[in-house]
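Engineer: Okay, handing you the structure first.
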Amino acid sequence: MIDREKQILNILRRNPLIQQNEIADILQVSRSRVAAHIMDLTRKGLIKGKGYILTEQDYCVVLGAINMDIRGVADIHYPQAASQPGDIRCSAGGVARNIAHNLALLGRDVHLLSAVGSDFYGDTLLEQTRQAGVNTQNCIRLHGQNTSTYLSIANPQDETVLAINDTHLLDALTPQLLNASRELLTHAGVILVDCNLTPQALEWVFTLAGNIPVFVDTVSEFKAEKVKSWLGRIHTLKPTRRELEILWGNAINNDEQLRYAVNDLHAQGVQRIVVCLEDESVFCSEKEGEAFALTPPAHPVVDSFGADDALMAGLLYSFLDGSEFRDGAQFAVACAALARASISINNPTLSVDNAWYLLKNSAQ
């Protein structure tokens with residue numbers, strides 16, 4: 001499919017009833033040229049029926065963590081053996097779940113593959129995730145097990161004082177259990193894994209994926225190394241600077257070393273890399289393509305927690321949409337900015353239109 005056809009499909013997704021002359025005005029081409037492209041797209045099976053009804057979209061399969069996030073905020077600076085007044089929030093969390101939720105908000109068909117226990121948290125997480133528009137039919141219920149939970153305590157400055165991570169349930173997500181979803185995986189348009197998965201589960205995904213693009217969220221510096229032996233199979237990698245250091249094997253103290261690290265990972269096979277930096281900017285690089293830095297568009301910041309998950313959802317959406325790398329990265333950065341504007345991990349106002357509106361306004 002040529003670039004002009006991708007542009008026309010993107011326009012039709014947003015407005016299936018648009019007229020050919022309107023498409024021609026947007027693309028600054030003749031109406032007859034638009035008609036010819038639409039005829040070609042119909043022959044290829046990408047458009048069916050009247051009103052420019054598109055064929056079913058490629059779907060995304062997201063594999064990794066789903067857990068209940070419990071966060072307390074109190075005026076303490078270190079753990080004390082006494083009850084403290086404060087605020088406590090419970091919310092659906094987990095890197096993979098958050099990314100899937102954001103992708104559903106962007107209107108994409110997304111399937112979550114994870115595991116929960118047979119408890120109240122598991123029921124709540126699956127219901128909330130379903131309500132968000134994520135297909136959870138392939139999530140596995142493990143009877144007699146507790147659902148993964150992340151408990152953190154922060155001071156009024158939002159600095160974490162203490163955290164307890166009970167996520168061992170994912171260790172039970174073995175290749176044997178995952179095998180029931182192999183057909184779902186092998187027909188996906190793109191696959192996302194987070195490094196909460198066990199090395200055995202990651203091996204199962206990369207082996208089964210074949211030519212399907214695999215995106216990787218490294219999650220943390222303690223888990224990033226799990227994909228070190230699979231760099232040649234990764235399409236898009238989203239690490240922090242510290243996680244990139246671990247994958248590269250050397251310290252990164254300046255922009256030149258950052259480029260060396262990225263180029264070394266490209267040489268090992270990673271197609272695209274988006275590095276999340278400390279100031280909320282990102283450094284983006286494509287193998288045999290361009291490298292560039294992006295800063296977030298001006299937008300109110302309420303809570304940065306979960307912004308990286310929105311960034312990854314934006315990258316996935318743009319890939320499935322056929323966008324060029326730079327355009328997709330800009331869209332993803334706008335998604336992250338929208339996420340920071342909400343106290344919720346998943347900003348309910350996240351949408352394709354709102355992300356493009358933010359980008360358009362910031363460019364003026």
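FYI, nothing fancy with the structure tokens labels: chains A, B, ... in order, residues from 1 per chain, ligands from 1 as they appear.
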What's the 7 Å shell around Asn102 in chain A, counting only C-alpha atoms, without same-chain residues fewer than 4 positions away, as a ChimeraX atom specification?
Structural biologist: /A:98,106,310,313,346
Engineer: With all heavy atoms retained, export the selected residues as a compact mmCIF listing (two decimals), in the first residue's frame.
Structural biologist:
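The file below, part_28.txt, is the result:
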```
# COMPACT_ATOMS: atom_id res chain seq x y z
N ASN A 98 -2.55 -0.96 31.38
CA ASN A 98 -2.67 0.48 31.15
C ASN A 98 -2.51 0.82 29.66
O ASN A 98 -3.23 1.66 29.12
CB ASN A 98 -1.61 1.24 31.95
CG ASN A 98 -1.87 1.17 33.45
OD1 ASN A 98 -2.96 0.84 33.89
ND2 ASN A 98 -0.84 1.47 34.22
N LEU A 106 -8.16 5.16 22.28
CA LEU A 106 -7.82 5.69 20.96
C LEU A 106 -8.61 5.01 19.84
O LEU A 106 -8.43 5.33 18.66
CB LEU A 106 -6.32 5.54 20.70
CG LEU A 106 -5.41 6.39 21.60
CD1 LEU A 106 -3.95 6.01 21.39
CD2 LEU A 106 -5.61 7.88 21.33
N ALA A 310 0.74 5.79 28.11
CA ALA A 310 0.01 6.48 27.04
C ALA A 310 0.91 6.71 25.84
O ALA A 310 0.47 6.63 24.68
CB ALA A 310 -0.54 7.81 27.56
N ALA A 313 1.02 3.51 23.92
CA ALA A 313 -0.25 3.31 23.22
C ALA A 313 -0.29 4.17 21.96
O ALA A 313 -0.76 3.72 20.90
CB ALA A 313 -1.42 3.66 24.13
N ASN A 346 -5.25 6.38 33.52
CA ASN A 346 -5.74 6.44 32.15
C ASN A 346 -6.70 7.62 32.04
O ASN A 346 -7.80 7.58 32.57
CB ASN A 346 -6.45 5.15 31.75
CG ASN A 346 -5.54 3.94 31.82
OD1 ASN A 346 -5.57 3.19 32.79
ND2 ASN A 346 -4.73 3.75 30.80
```
Engineer: Ala363 in chain A: which residues within 12 Å, counting only C-alpha atoms, same-chain residues fewer than 2 positions away excluded, as an MDAnalysis selection string?
Structural biologist: chainID A and resid 295:298 330 334 356:361
Engineer: Store the residues picked out above in a file with N, CA, C and O atoms, as a PDB file, in the first residue's frame.
Structural biologist:
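Below is the file that was written, result-v6.pdb:
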```
ATOM      1  N   THR A 295      10.004  17.285  22.446  1.00  0.00           N
ATOM      2  CA  THR A 295       9.583  17.755  23.760  1.00  0.00           C
ATOM      3  C   THR A 295       8.063  17.729  23.822  1.00  0.00           C
ATOM      4  O   THR A 295       7.394  17.899  22.792  1.00  0.00           O
ATOM      5  N   PRO A 296       7.488  17.530  25.003  1.00  0.00           N
ATOM      6  CA  PRO A 296       6.028  17.463  25.082  1.00  0.00           C
ATOM      7  C   PRO A 296       5.391  18.810  24.795  1.00  0.00           C
ATOM      8  O   PRO A 296       5.956  19.855  25.129  1.00  0.00           O
ATOM      9  N   PRO A 297       4.212  18.815  24.161  1.00  0.00           N
ATOM     10  CA  PRO A 297       3.508  20.079  23.935  1.00  0.00           C
ATOM     11  C   PRO A 297       3.071  20.685  25.262  1.00  0.00           C
ATOM     12  O   PRO A 297       2.836  19.971  26.239  1.00  0.00           O
ATOM     13  N   ALA A 298       2.977  22.011  25.302  1.00  0.00           N
ATOM     14  CA  ALA A 298       2.563  22.698  26.526  1.00  0.00           C
ATOM     15  C   ALA A 298       1.159  22.263  26.923  1.00  0.00           C
ATOM     16  O   ALA A 298       0.217  22.349  26.120  1.00  0.00           O
ATOM     17  N   GLN A 330       5.337  12.023  17.357  1.00  0.00           N
ATOM     18  CA  GLN A 330       4.718  13.268  17.793  1.00  0.00           C
ATOM     19  C   GLN A 330       3.332  13.020  18.375  1.00  0.00           C
ATOM     20  O   GLN A 330       2.961  13.591  19.407  1.00  0.00           O
ATOM     21  N   ALA A 334       2.027  13.577  22.346  1.00  0.00           N
ATOM     22  CA  ALA A 334       0.795  14.287  22.700  1.00  0.00           C
ATOM     23  C   ALA A 334      -0.100  13.432  23.594  1.00  0.00           C
ATOM     24  O   ALA A 334      -0.726  13.940  24.529  1.00  0.00           O
ATOM     25  N   TRP A 356      -4.506  15.142  18.414  1.00  0.00           N
ATOM     26  CA  TRP A 356      -4.183  15.968  17.249  1.00  0.00           C
ATOM     27  C   TRP A 356      -4.485  17.432  17.511  1.00  0.00           C
ATOM     28  O   TRP A 356      -3.762  18.322  17.037  1.00  0.00           O
ATOM     29  N   TYR A 357      -5.556  17.708  18.254  1.00  0.00           N
ATOM     30  CA  TYR A 357      -5.892  19.102  18.594  1.00  0.00           C
ATOM     31  C   TYR A 357      -4.783  19.726  19.430  1.00  0.00           C
ATOM     32  O   TYR A 357      -4.396  20.878  19.207  1.00  0.00           O
ATOM     33  N   LEU A 358      -4.254  18.954  20.385  1.00  0.00           N
ATOM     34  CA  LEU A 358      -3.163  19.453  21.222  1.00  0.00           C
ATOM     35  C   LEU A 358      -1.926  19.731  20.365  1.00  0.00           C
ATOM     36  O   LEU A 358      -1.259  20.770  20.538  1.00  0.00           O
ATOM     37  N   LEU A 359      -1.606  18.831  19.455  1.00  0.00           N
ATOM     38  CA  LEU A 359      -0.454  19.032  18.583  1.00  0.00           C
ATOM     39  C   LEU A 359      -0.645  20.260  17.682  1.00  0.00           C
ATOM     40  O   LEU A 359       0.281  21.057  17.504  1.00  0.00           O
ATOM     41  N   LYS A 360      -1.844  20.409  17.140  1.00  0.00           N
ATOM     42  CA  LYS A 360      -2.110  21.532  16.249  1.00  0.00           C
ATOM     43  C   LYS A 360      -1.967  22.858  16.983  1.00  0.00           C
ATOM     44  O   LYS A 360      -1.370  23.808  16.477  1.00  0.00           O
ATOM     45  N   ASN A 361      -2.524  22.934  18.191  1.00  0.00           N
ATOM     46  CA  ASN A 361      -2.464  24.176  18.966  1.00  0.00           C
ATOM     47  C   ASN A 361      -1.048  24.499  19.418  1.00  0.00           C
ATOM     48  O   ASN A 361      -0.662  25.662  19.472  1.00  0.00           O
TER      49      ASN A 361
END
```
Engineer: Range 85-119 of chain A near range 157-180 of chain A within 10 Å: what's each residue's closest atom pair and its distance in Å to one decimal, counting only C-alpha atoms, ordered by chain then ascending residue number, as a Markdown table?
Structural biologist:
```
| residue | atom | partner | partner_atom | distance |
| --- | --- | --- | --- | --- |
| A:Gly94 | CA | A:Thr167 | CA | 9.6 |
| A:Leu113 | CA | A:Leu178 | CA | 8.2 |
| A:Ser114 | CA | A:Leu173 | CA | 7.3 |
| A:Ala115 | CA | A:Leu170 | CA | 6.5 |
| A:Val116 | CA | A:Leu169 | CA | 7.4 |
| A:Gly117 | CA | A:Leu169 | CA | 7.8 |
```
Engineer: For the selection just defined, write its residues with N, CA, C and O atoms to a file, as a short mmCIF file (atom, residue, chain, number, x, y, z; two decimals), in the first residue's frame.
Structural biologist:
```
data_model
loop_
_atom_site.label_atom_id
_atom_site.label_comp_id
_atom_site.auth_asym_id
_atom_site.auth_seq_id
_atom_site.Cartn_x
_atom_site.Cartn_y
_atom_site.Cartn_z
N GLY A 94 -1.01 -1.86 36.14
CA GLY A 94 -0.22 -2.84 35.41
C GLY A 94 0.15 -2.26 34.06
O GLY A 94 -0.71 -1.71 33.35
N LEU A 113 -3.72 -10.09 27.25
CA LEU A 113 -3.40 -11.47 27.65
C LEU A 113 -2.57 -11.40 28.92
O LEU A 113 -1.41 -11.00 28.90
N SER A 114 -3.21 -11.73 30.05
CA SER A 114 -2.55 -11.66 31.34
C SER A 114 -3.22 -12.65 32.29
O SER A 114 -3.97 -13.52 31.85
N ALA A 115 -2.92 -12.52 33.58
CA ALA A 115 -3.49 -13.44 34.57
C ALA A 115 -3.94 -12.68 35.81
O ALA A 115 -3.28 -11.73 36.24
N VAL A 116 -5.08 -13.10 36.36
CA VAL A 116 -5.58 -12.57 37.62
C VAL A 116 -5.95 -13.73 38.53
O VAL A 116 -6.09 -14.86 38.08
N GLY A 117 -6.09 -13.43 39.81
CA GLY A 117 -6.50 -14.45 40.76
C GLY A 117 -8.01 -14.56 40.86
O GLY A 117 -8.75 -13.80 40.24
#
```
Engineer: If you run DSSP over the backbone, which residues in range 241-338 of chain A end up strand (DSSP E)? Put them as a PyMOL selection string.
Structural biologist: chain A and resi 272-276+282-286+291-294
Engineer: Restricting the output to N, CA, C and O atoms, write the selected residues as an mmCIF file, in the first residue's frame.
Structural biologist:
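Contents of the output file selection.cif:
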```
data_model
loop_
_atom_site.group_PDB
_atom_site.id
_atom_site.type_symbol
_atom_site.label_atom_id
_atom_site.label_comp_id
_atom_site.auth_asym_id
_atom_site.auth_seq_id
_atom_site.Cartn_x
_atom_site.Cartn_y
_atom_site.Cartn_z
ATOM 1 N N ARG A 272 13.166 0.430 15.746
ATOM 2 C CA ARG A 272 12.852 1.769 16.248
ATOM 3 C C ARG A 272 13.065 1.819 17.757
ATOM 4 O O ARG A 272 12.734 0.856 18.459
ATOM 5 N N ILE A 273 13.586 2.949 18.222
ATOM 6 C CA ILE A 273 13.843 3.124 19.648
ATOM 7 C C ILE A 273 13.326 4.492 20.073
ATOM 8 O O ILE A 273 13.605 5.504 19.410
ATOM 9 N N VAL A 274 12.565 4.513 21.154
ATOM 10 C CA VAL A 274 12.054 5.764 21.730
ATOM 11 C C VAL A 274 12.497 5.792 23.187
ATOM 12 O O VAL A 274 11.989 5.034 24.015
ATOM 13 N N VAL A 275 13.467 6.649 23.489
ATOM 14 C CA VAL A 275 14.053 6.714 24.828
ATOM 15 C C VAL A 275 13.354 7.812 25.631
ATOM 16 O O VAL A 275 13.330 8.980 25.218
ATOM 17 N N CYS A 276 12.798 7.444 26.778
ATOM 18 C CA CYS A 276 12.134 8.411 27.663
ATOM 19 C C CYS A 276 13.192 9.051 28.570
ATOM 20 O O CYS A 276 13.870 8.350 29.327
ATOM 21 N N VAL A 282 11.646 12.948 24.664
ATOM 22 C CA VAL A 282 12.005 11.622 24.164
ATOM 23 C C VAL A 282 13.014 11.772 23.038
ATOM 24 O O VAL A 282 13.001 12.752 22.285
ATOM 25 N N PHE A 283 13.904 10.797 22.952
ATOM 26 C CA PHE A 283 14.847 10.713 21.830
ATOM 27 C C PHE A 283 14.421 9.532 20.973
ATOM 28 O O PHE A 283 14.306 8.409 21.465
ATOM 29 N N CYS A 284 14.169 9.800 19.696
ATOM 30 C CA CYS A 284 13.622 8.790 18.801
ATOM 31 C C CYS A 284 14.622 8.478 17.691
ATOM 32 O O CYS A 284 15.258 9.386 17.147
ATOM 33 N N SER A 285 14.733 7.215 17.344
ATOM 34 C CA SER A 285 15.671 6.827 16.292
ATOM 35 C C SER A 285 15.123 5.622 15.536
ATOM 36 O O SER A 285 14.569 4.693 16.131
ATOM 37 N N GLU A 286 15.280 5.672 14.219
ATOM 38 C CA GLU A 286 14.850 4.572 13.359
ATOM 39 C C GLU A 286 16.059 4.014 12.624
ATOM 40 O O GLU A 286 16.882 4.766 12.094
ATOM 41 N N ALA A 291 17.003 10.330 13.246
ATOM 42 C CA ALA A 291 17.002 10.399 14.708
ATOM 43 C C ALA A 291 16.642 11.824 15.099
ATOM 44 O O ALA A 291 17.109 12.784 14.466
ATOM 45 N N PHE A 292 15.814 11.966 16.126
ATOM 46 C CA PHE A 292 15.349 13.296 16.500
ATOM 47 C C PHE A 292 14.859 13.282 17.946
ATOM 48 O O PHE A 292 14.523 12.226 18.498
ATOM 49 N N ALA A 293 14.832 14.460 18.545
ATOM 50 C CA ALA A 293 14.319 14.623 19.909
ATOM 51 C C ALA A 293 12.992 15.365 19.851
ATOM 52 O O ALA A 293 12.789 16.240 19.000
ATOM 53 N N LEU A 294 12.075 15.015 20.757
ATOM 54 C CA LEU A 294 10.779 15.675 20.845
ATOM 55 C C LEU A 294 10.518 16.100 22.277
ATOM 56 O O LEU A 294 10.790 15.338 23.216
#
```
Engineer: Of the candidates A:Asn135, A:Ser118, A:Gln84, A:Thr147, which one gets nearest to Val62 in chain A if we count only C-alpha atoms?
Structural biologist: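 Distance minimum relative to Val62 in chain A lands on A:Asn135.
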Engineer: Just want the 9 Å neighbourhood of Ile70 in chain A, counted on only C-alpha atoms, with same-chain residues fewer than 5 positions away dropped. Output as an mmCIF file with N, CA and C atoms, in the first residue's frame.
Structural biologist:
```cif
data_model
loop_
_atom_site.group_PDB
_atom_site.id
_atom_site.type_symbol
_atom_site.label_atom_id
_atom_site.label_comp_id
_atom_site.auth_asym_id
_atom_site.auth_seq_id
_atom_site.Cartn_x
_atom_site.Cartn_y
_atom_site.Cartn_z
ATOM 1 N N ILE A 88 -6.194 7.587 50.327
ATOM 2 C CA ILE A 88 -5.875 6.289 49.724
ATOM 3 C C ILE A 88 -6.703 6.135 48.459
ATOM 4 N N ARG A 89 -6.027 5.763 47.359
ATOM 5 C CA ARG A 89 -6.713 5.542 46.091
ATOM 6 C C ARG A 89 -6.414 4.136 45.586
ATOM 7 N N CYS A 90 -7.444 3.489 45.055
ATOM 8 C CA CYS A 90 -7.288 2.193 44.390
ATOM 9 C C CYS A 90 -7.620 2.378 42.913
ATOM 10 N N SER A 91 -6.814 1.820 42.052
ATOM 11 C CA SER A 91 -7.081 1.958 40.622
ATOM 12 C C SER A 91 -6.533 0.751 39.872
ATOM 13 N N ALA A 92 -7.160 0.479 38.746
ATOM 14 C CA ALA A 92 -6.668 -0.596 37.878
ATOM 15 C C ALA A 92 -5.322 -0.190 37.319
ATOM 16 N N THR A 149 -0.797 -7.094 43.137
ATOM 17 C CA THR A 149 -1.119 -5.831 43.797
ATOM 18 C C THR A 149 0.149 -5.017 44.010
ATOM 19 N N TYR A 150 0.046 -3.716 43.797
ATOM 20 C CA TYR A 150 1.162 -2.800 44.049
ATOM 21 C C TYR A 150 0.700 -1.777 45.074
ATOM 22 N N LEU A 151 1.349 -1.773 46.226
ATOM 23 C CA LEU A 151 0.989 -0.885 47.334
ATOM 24 C C LEU A 151 2.114 0.120 47.555
ATOM 25 N N SER A 152 1.781 1.410 47.499
ATOM 26 C CA SER A 152 2.801 2.438 47.704
ATOM 27 C C SER A 152 2.290 3.512 48.661
ATOM 28 N N ILE A 153 3.229 4.110 49.387
ATOM 29 C CA ILE A 153 2.926 5.217 50.299
ATOM 30 C C ILE A 153 3.804 6.393 49.893
#
```
Engineer: Record the distance separating CA of Gln145 in chain A and CA of Ala201 in chain A, expressed in Å with one decimal.
Structural biologist: 19.1 Å
Engineer: DSSP on the backbone: which residues in range 256-341 of chain A end up as alpha helix (DSSP H)? Give the answer as a PyMOL selection string.
Structural biologist: chain A and resi 256-267+307-320+325-340
Engineer: One number please: CA of His143 in chain A to CA of Gly122 in chain A, in Å, one decimal.
Structural biologist: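 CA of His143 in chain A sits 10.5 Å away from CA of Gly122 in chain A.
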Engineer: Quote the spacing between CA of Gly133 in chain A and CA of Ala104 in chain A in Å to one decimal place.
Structural biologist: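 The value is 5.4 Å.
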Engineer: Under the rule that only C-alpha atoms are counted, which of A:Arg97, A:Arg242, A:Arg43, A:Lys287 is the nearest residue to Met312 in chain A?
Structural biologist: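 That would be A:Arg97, the residue with the smallest distance to Met312 in chain A.
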Engineer: Give the answer as one residue: which of A:Cys195, A:Leu142, A:Arg241, A:Pro156 has the shortest atom-to-atom distance to Glu278 in chain A, using only C-alpha atoms?
Structural biologist: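 The closest residue to Glu278 in chain A is A:Arg241.
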Engineer: What's the 7 Å shell around range 206-218 of chain A, counting only C-alpha atoms, without same-chain residues fewer than 5 positions away, as a list of chain:residue names?
Structural biologist: A:Thr186, A:Gly189, A:Val190, A:Ile191, A:Leu192, A:Val193, A:Asp194, A:Cys195, A:Lys223, A:Ala224, A:Arg233, A:Ile234, A:His235, A:Thr236, A:Leu237, A:Lys238, A:Pro239
Engineer: Residues as selected, N, CA, C and O atoms, written as a CSV table (one decimal), in the first residue's frame, can you do that?
Structural biologist:
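Result file follows (again35.csv):
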```
chain,number,residue,atom,x,y,z
A,186,THR,N,-1.0,-15.2,16.5
A,186,THR,CA,-0.4,-15.3,15.1
A,186,THR,C,-1.2,-14.6,14.1
A,186,THR,O,-0.7,-14.5,12.9
A,189,GLY,N,-2.0,-7.8,14.2
A,189,GLY,CA,-1.3,-6.8,13.4
A,189,GLY,C,0.0,-6.3,14.1
A,189,GLY,O,1.0,-6.0,13.4
A,190,VAL,N,0.0,-6.4,15.4
A,190,VAL,CA,1.2,-6.0,16.2
A,190,VAL,C,1.0,-6.6,17.6
A,190,VAL,O,-0.1,-6.8,18.0
A,191,ILE,N,2.2,-6.8,18.2
A,191,ILE,CA,2.2,-7.4,19.6
A,191,ILE,C,3.0,-6.5,20.5
A,191,ILE,O,4.0,-6.0,20.1
A,192,LEU,N,2.5,-6.3,21.7
A,192,LEU,CA,3.2,-5.6,22.7
A,192,LEU,C,3.4,-6.5,23.9
A,192,LEU,O,2.5,-7.1,24.4
A,193,VAL,N,4.7,-6.5,24.4
A,193,VAL,CA,5.0,-7.3,25.6
A,193,VAL,C,5.7,-6.3,26.6
A,193,VAL,O,6.4,-5.4,26.2
A,194,ASP,N,5.3,-6.5,27.9
A,194,ASP,CA,6.1,-5.8,28.9
A,194,ASP,C,7.0,-6.8,29.6
A,194,ASP,O,6.7,-8.0,29.6
A,195,CYS,N,8.1,-6.3,30.2
A,195,CYS,CA,9.1,-7.1,30.8
A,195,CYS,C,8.7,-7.7,32.1
A,195,CYS,O,9.6,-8.2,32.8
A,223,LYS,N,14.2,-5.2,35.1
A,223,LYS,CA,13.6,-6.2,34.2
A,223,LYS,C,14.0,-6.1,32.8
A,223,LYS,O,13.7,-7.0,31.9
A,224,ALA,N,14.6,-5.0,32.4
A,224,ALA,CA,15.0,-4.7,31.0
A,224,ALA,C,15.9,-5.8,30.4
A,224,ALA,O,15.7,-6.1,29.2
A,233,ARG,N,14.8,-9.3,17.4
A,233,ARG,CA,13.4,-9.5,17.0
A,233,ARG,C,12.4,-8.4,17.4
A,233,ARG,O,11.2,-8.5,17.3
A,234,ILE,N,13.0,-7.3,17.9
A,234,ILE,CA,12.2,-6.2,18.4
A,234,ILE,C,12.0,-5.2,17.4
A,234,ILE,O,13.0,-4.7,16.8
A,235,HIS,N,10.8,-4.8,17.1
A,235,HIS,CA,10.5,-3.7,16.2
A,235,HIS,C,10.7,-2.4,16.8
A,235,HIS,O,11.4,-1.5,16.4
A,236,THR,N,9.9,-2.1,17.9
A,236,THR,CA,10.0,-0.8,18.6
A,236,THR,C,10.3,-1.1,20.1
A,236,THR,O,9.6,-1.9,20.8
A,237,LEU,N,11.3,-0.4,20.6
A,237,LEU,CA,11.7,-0.5,22.0
A,237,LEU,C,11.5,0.8,22.7
A,237,LEU,O,11.9,1.9,22.2
A,238,LYS,N,10.9,0.8,23.9
A,238,LYS,CA,10.7,2.1,24.7
A,238,LYS,C,11.4,1.9,26.1
A,238,LYS,O,10.8,1.5,27.0
A,239,PRO,N,12.7,2.3,26.2
A,239,PRO,CA,13.4,2.3,27.5
A,239,PRO,C,13.5,3.7,28.0
A,239,PRO,O,13.4,4.7,27.3
```
